[in-house]
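Shown next, in structure tokens, is the structure this report addresses.
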Amino acid sequence: MGGISDNVRGLVLAMSSSVFIGSSFIIKKKGLQKAGANGSRASDGGHAYLLEPFWWAGMVTMIVGEGANFAAYAYAPAILVTPLGALSIIFSAVLAHFILDERLHIFGVVGCILCLVGSTIIVLHAPVEKNIESVKEVWYLATEPGFLVYTCIILVLVLLLIFRYVPRYGQTHMVVYIGICSLMGSLTVMFVKAVGIALKLSLSGSNQFKYFETWFFTIFVILCCLIQLNYLNKALDTYNTAVVSPVYYVMFTSLTILASVIMFKDWAHQAASPILTELCGFVTILCGTFLLHKTKDMGGIPTVPSPVFLSSRDSSSREVEI
């Protein structure tokens, strides 16, 4: 019963987090636009946005949302919390329609509905998480061979993207920036969950901050968040918000679920039927984000090639539209 109660707490926190994070994309984009009009753009390596109140308002909104998300991971499994990020896509797409004039077509509305349906399916069939009594238990899970191999692969891919592909393709292929954010994000969530559990246990009377494992997880989370923030700013400043949000969601959520299954073994005690239902819910969400992506240019503005895999020859036409 305690597990079900924790899932409800995690659900409420995750939903409120999506509202704040979805809004933060729009507020930050307004700040980046103002900064780009008055100085060098973030996509060109500039940091003029640091002087924009709008950007800082977006940052505060995102921090509040991430704080709620952080707390949600302490109570509920990542398989429940992470897919609910689809709600932030809906908020972002709707606000972009009214505030940024990034028009939302009728099929985009259908995409939003699919995201809601998929989220509901996952919430109804999410696993109840095993009770963890110490951060040392999380450390044991994080140092098992399977998750260590996953971590090494992720770090190698991130370094490859940063040093080889960002200089060449960052301005023309959105998947480079979003790939870095998503890969690092899957590790960040695992260790955010570890810190959240440590904090929850500490507040209940069992101090976990006396262990070096807690501080290791905390430092790792801070470093990962800084990397994600840097490349997410570049993606937002370079590409359409209505595309950045869903593509980031799809990549980030897929990798996070994979990481959670490897590290926390979320499906170890579930039957095949609820696991398959959860996957169907996730696929429904993916269909919704796909619709949002493909119909982004159907709201009254000319259609241009998708910015996810633009060639360098097409990048100039995209810049004209922006």
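Just remember, in the structure tokens the first chain shown is A, the second B, etc., residues are 1-based per chain, and ligands are 1-based in the order shown.
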> Neighbours of region 105-116 of chain A within 12 Å (only C-alpha atoms; same-chain residues fewer than 3 positions away dropped), as an MDAnalysis selection string?
Replying inline: chainID A and resid 15 83:94 96:97 101:102 119:123 242:243 246 249:250 280:301
Using DSSP on the backbone coordinates, identify all residues within region 55-190 of chain A classified as helix (DSSP H, G or I); present the result as a PDB file with C-alpha atoms, in the first residue's frame.
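Here's the written file part.pdb:
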ATOM      1  CA  TRP A  55      15.832  33.923 -19.967  1.00  0.00           C
ATOM      2  CA  TRP A  56      16.322  34.002 -16.200  1.00  0.00           C
ATOM      3  CA  ALA A  57      12.548  33.784 -15.661  1.00  0.00           C
ATOM      4  CA  GLY A  58      12.567  30.703 -17.874  1.00  0.00           C
ATOM      5  CA  MET A  59      15.467  29.283 -15.886  1.00  0.00           C
ATOM      6  CA  VAL A  60      13.636  29.816 -12.579  1.00  0.00           C
ATOM      7  CA  THR A  61      10.535  28.148 -14.028  1.00  0.00           C
ATOM      8  CA  MET A  62      12.620  25.226 -15.255  1.00  0.00           C
ATOM      9  CA  ILE A  63      14.365  24.892 -11.875  1.00  0.00           C
ATOM     10  CA  VAL A  64      10.997  24.729 -10.115  1.00  0.00           C
ATOM     11  CA  GLY A  65       9.855  22.094 -12.605  1.00  0.00           C
ATOM     12  CA  GLU A  66      13.064  20.100 -12.275  1.00  0.00           C
ATOM     13  CA  GLY A  67      12.757  20.337  -8.491  1.00  0.00           C
ATOM     14  CA  ALA A  68       9.315  18.756  -8.667  1.00  0.00           C
ATOM     15  CA  ASN A  69      10.683  16.168 -11.093  1.00  0.00           C
ATOM     16  CA  PHE A  70      13.580  15.486  -8.726  1.00  0.00           C
ATOM     17  CA  ALA A  71      11.143  14.811  -5.894  1.00  0.00           C
ATOM     18  CA  ALA A  72       8.994  12.613  -8.144  1.00  0.00           C
ATOM     19  CA  TYR A  73      11.928  10.282  -8.837  1.00  0.00           C
ATOM     20  CA  ALA A  74      12.426   9.799  -5.107  1.00  0.00           C
ATOM     21  CA  TYR A  75       8.906   8.357  -4.808  1.00  0.00           C
ATOM     22  CA  ALA A  78      11.501   6.224 -13.709  1.00  0.00           C
ATOM     23  CA  ILE A  79       9.189   4.237 -16.000  1.00  0.00           C
ATOM     24  CA  LEU A  80       6.256   6.147 -14.449  1.00  0.00           C
ATOM     25  CA  VAL A  81       7.836   9.593 -14.047  1.00  0.00           C
ATOM     26  CA  THR A  82       9.814  10.008 -17.278  1.00  0.00           C
ATOM     27  CA  PRO A  83       7.053   9.353 -19.869  1.00  0.00           C
ATOM     28  CA  LEU A  84       4.889  11.982 -18.157  1.00  0.00           C
ATOM     29  CA  GLY A  85       7.301  14.502 -19.649  1.00  0.00           C
ATOM     30  CA  ALA A  86       4.961  14.248 -22.646  1.00  0.00           C
ATOM     31  CA  LEU A  87       2.719  16.692 -20.811  1.00  0.00           C
ATOM     32  CA  SER A  88       5.470  19.306 -21.054  1.00  0.00           C
ATOM     33  CA  ILE A  89       5.418  18.822 -24.841  1.00  0.00           C
ATOM     34  CA  ILE A  90       1.727  19.646 -24.892  1.00  0.00           C
ATOM     35  CA  PHE A  91       2.214  22.786 -22.816  1.00  0.00           C
ATOM     36  CA  SER A  92       5.194  23.823 -24.898  1.00  0.00           C
ATOM     37  CA  ALA A  93       3.417  23.272 -28.230  1.00  0.00           C
ATOM     38  CA  VAL A  94       0.247  25.106 -27.168  1.00  0.00           C
ATOM     39  CA  LEU A  95       2.118  28.069 -25.688  1.00  0.00           C
ATOM     40  CA  ALA A  96       4.402  28.246 -28.745  1.00  0.00           C
ATOM     41  CA  HIS A  97       1.252  28.441 -30.895  1.00  0.00           C
ATOM     42  CA  PHE A  98      -0.057  31.496 -29.054  1.00  0.00           C
ATOM     43  CA  ILE A  99       3.154  33.244 -27.936  1.00  0.00           C
ATOM     44  CA  ILE A 106      -5.147  20.235 -36.150  1.00  0.00           C
ATOM     45  CA  PHE A 107      -2.984  17.118 -36.429  1.00  0.00           C
ATOM     46  CA  GLY A 108      -0.742  18.639 -33.782  1.00  0.00           C
ATOM     47  CA  VAL A 109      -3.800  18.748 -31.522  1.00  0.00           C
ATOM     48  CA  VAL A 110      -4.365  15.059 -32.267  1.00  0.00           C
ATOM     49  CA  GLY A 111      -0.719  14.501 -31.344  1.00  0.00           C
ATOM     50  CA  CYS A 112      -1.291  16.177 -27.988  1.00  0.00           C
ATOM     51  CA  ILE A 113      -4.312  13.930 -27.351  1.00  0.00           C
ATOM     52  CA  LEU A 114      -2.255  10.832 -28.191  1.00  0.00           C
ATOM     53  CA  CYS A 115       0.390  11.971 -25.702  1.00  0.00           C
ATOM     54  CA  LEU A 116      -2.291  12.250 -23.012  1.00  0.00           C
ATOM     55  CA  VAL A 117      -3.729   8.810 -23.823  1.00  0.00           C
ATOM     56  CA  GLY A 118      -0.297   7.189 -23.778  1.00  0.00           C
ATOM     57  CA  SER A 119       0.585   8.855 -20.493  1.00  0.00           C
ATOM     58  CA  THR A 120      -2.654   7.594 -18.931  1.00  0.00           C
ATOM     59  CA  ILE A 121      -1.939   4.025 -20.049  1.00  0.00           C
ATOM     60  CA  ILE A 122       1.533   4.123 -18.512  1.00  0.00           C
ATOM     61  CA  VAL A 123       0.277   5.623 -15.244  1.00  0.00           C
ATOM     62  CA  LEU A 124      -2.362   2.892 -14.866  1.00  0.00           C
ATOM     63  CA  HIS A 125       0.143   0.060 -15.404  1.00  0.00           C
ATOM     64  CA  VAL A 135      21.960   4.883  -0.712  1.00  0.00           C
ATOM     65  CA  LYS A 136      24.464   2.023  -0.570  1.00  0.00           C
ATOM     66  CA  GLU A 137      21.817  -0.173  -2.189  1.00  0.00           C
ATOM     67  CA  VAL A 138      21.652   2.287  -5.093  1.00  0.00           C
ATOM     68  CA  TRP A 139      25.455   2.286  -5.298  1.00  0.00           C
ATOM     69  CA  TYR A 140      25.404  -1.505  -5.562  1.00  0.00           C
ATOM     70  CA  LEU A 141      22.913  -1.297  -8.443  1.00  0.00           C
ATOM     71  CA  ALA A 142      24.990   1.403 -10.184  1.00  0.00           C
ATOM     72  CA  PRO A 145      28.491  -4.908 -14.700  1.00  0.00           C
ATOM     73  CA  GLY A 146      25.436  -4.257 -16.888  1.00  0.00           C
ATOM     74  CA  PHE A 147      25.009  -0.626 -15.834  1.00  0.00           C
ATOM     75  CA  LEU A 148      28.763   0.036 -15.855  1.00  0.00           C
ATOM     76  CA  VAL A 149      28.906  -1.092 -19.493  1.00  0.00           C
ATOM     77  CA  TYR A 150      25.905   1.137 -20.308  1.00  0.00           C
ATOM     78  CA  THR A 151      27.564   4.125 -18.600  1.00  0.00           C
ATOM     79  CA  CYS A 152      30.831   3.653 -20.498  1.00  0.00           C
ATOM     80  CA  ILE A 153      28.992   3.448 -23.844  1.00  0.00           C
ATOM     81  CA  ILE A 154      27.047   6.639 -23.067  1.00  0.00           C
ATOM     82  CA  LEU A 155      30.165   8.597 -22.061  1.00  0.00           C
ATOM     83  CA  VAL A 156      32.055   7.506 -25.180  1.00  0.00           C
ATOM     84  CA  LEU A 157      29.141   8.538 -27.424  1.00  0.00           C
ATOM     85  CA  VAL A 158      28.821  11.932 -25.699  1.00  0.00           C
ATOM     86  CA  LEU A 159      32.532  12.681 -26.071  1.00  0.00           C
ATOM     87  CA  LEU A 160      32.381  11.638 -29.728  1.00  0.00           C
ATOM     88  CA  LEU A 161      29.426  13.942 -30.383  1.00  0.00           C
ATOM     89  CA  ILE A 162      30.981  16.910 -28.547  1.00  0.00           C
ATOM     90  CA  PHE A 163      34.441  16.796 -30.069  1.00  0.00           C
ATOM     91  CA  ARG A 164      33.758  15.368 -33.534  1.00  0.00           C
ATOM     92  CA  TYR A 165      30.181  16.109 -34.582  1.00  0.00           C
ATOM     93  CA  VAL A 166      29.238  19.382 -32.856  1.00  0.00           C
ATOM     94  CA  PRO A 167      31.827  21.473 -34.786  1.00  0.00           C
ATOM     95  CA  ARG A 168      30.764  19.895 -38.107  1.00  0.00           C
ATOM     96  CA  TYR A 169      27.041  19.299 -37.859  1.00  0.00           C
ATOM     97  CA  MET A 174      19.512  18.945 -34.475  1.00  0.00           C
ATOM     98  CA  VAL A 175      20.062  15.338 -33.458  1.00  0.00           C
ATOM     99  CA  VAL A 176      23.646  16.229 -32.467  1.00  0.00           C
ATOM    100  CA  TYR A 177      22.661  18.710 -29.737  1.00  0.00           C
ATOM    101  CA  ILE A 178      19.635  16.698 -28.625  1.00  0.00           C
ATOM    102  CA  GLY A 179      21.656  13.488 -28.657  1.00  0.00           C
ATOM    103  CA  ILE A 180      24.129  14.919 -26.142  1.00  0.00           C
ATOM    104  CA  CYS A 181      21.295  16.118 -23.869  1.00  0.00           C
ATOM    105  CA  SER A 182      19.442  12.805 -24.082  1.00  0.00           C
ATOM    106  CA  LEU A 183      22.442  10.531 -23.557  1.00  0.00           C
ATOM    107  CA  MET A 184      23.638  12.490 -20.534  1.00  0.00           C
ATOM    108  CA  GLY A 185      20.045  12.845 -19.349  1.00  0.00           C
ATOM    109  CA  SER A 186      19.572   9.080 -19.056  1.00  0.00           C
ATOM    110  CA  LEU A 187      22.511   8.921 -16.620  1.00  0.00           C
ATOM    111  CA  THR A 188      21.410  12.097 -14.841  1.00  0.00           C
ATOM    112  CA  VAL A 189      17.984  10.641 -14.049  1.00  0.00           C
ATOM    113  CA  MET A 190      19.498   7.507 -12.509  1.00  0.00           C
TER     114      MET A 190
END
> How far is it from CA of Leu51 (chain A) to CA of Lys29 (chain A), in Å with one decimal?
Replying inline: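 Separation of CA of Leu51 (chain A) and CA of Lys29 (chain A): 13.8 Å.
Distance annotation: of A:Lys200, A:Lys210, A:His269, A:His173, the residue with the minimal separation from Val244 (chain A) is A:His173; atom set is only C-alpha atoms.
Across A:Ile21, A:Leu229, A:Ala126, A:Val12, the tightest approach to Glu278 (chain A) is made by A:Ala126 when counting only C-alpha atoms.
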>> List the spatial neighbours of Glu52 (chain A) as a list in words - criterion: any atom at most 12 Å away, only C-alpha atoms, same-chain residues fewer than 4 positions off excluded.
In response: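 Contacts, in chain order: Ile27, Lys28, Lys29, Lys30, Gly31, Leu32, Gln33, Lys34, Ala35, Gly36, Ala37, Asn38, Gly39, His47, Ala48, Trp56, Ala57, Gly58 and Met59 of chain A.
Omitting region 215-219 of chain A and its sequence neighbours fewer than 3 positions away, and counting only C-alpha atoms, the residues within 8 Å are A:Phe191, A:Val192, A:Ala194, A:Val195, A:Phe209, A:Tyr211, A:Phe212, A:Ile222, A:Leu223.
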Write the residues of the selection above to a file with C-alpha atoms, as a PDB file, in the first residue's frame.
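Final file, selection.pdb:
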ATOM      1  CA  PHE A 191      21.713   9.541 -10.197  1.00  0.00           C
ATOM      2  CA  VAL A 192      19.030  12.159  -9.514  1.00  0.00           C
ATOM      3  CA  ALA A 194      19.835   8.168  -6.056  1.00  0.00           C
ATOM      4  CA  VAL A 195      20.186  11.666  -4.558  1.00  0.00           C
ATOM      5  CA  PHE A 209      24.962  12.292   3.492  1.00  0.00           C
ATOM      6  CA  TYR A 211      28.329   8.273   2.857  1.00  0.00           C
ATOM      7  CA  PHE A 212      30.698   9.260   0.032  1.00  0.00           C
ATOM      8  CA  ILE A 222      25.578  18.768 -11.216  1.00  0.00           C
ATOM      9  CA  LEU A 223      28.145  18.133 -13.972  1.00  0.00           C
TER      10      LEU A 223
END
>> So, with only C-alpha atoms as the atoms that count, which of A:Ser254, A:Lys265, A:Ala198, A:Ser245 lies closest to Ser23 (chain A)?
In response: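 Closest to Ser23 (chain A), using only C-alpha atoms: A:Ser245.
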> In terms of the shortest atom-to-atom distance over only C-alpha atoms, which of A:Leu13, A:Gly170, A:Gln228, A:Thr214 is closest to Ile197 (chain A)?
Replying inline: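 Ranking A:Leu13, A:Gly170, A:Gln228, A:Thr214 by distance to Ile197 (chain A), first place goes to A:Thr214.
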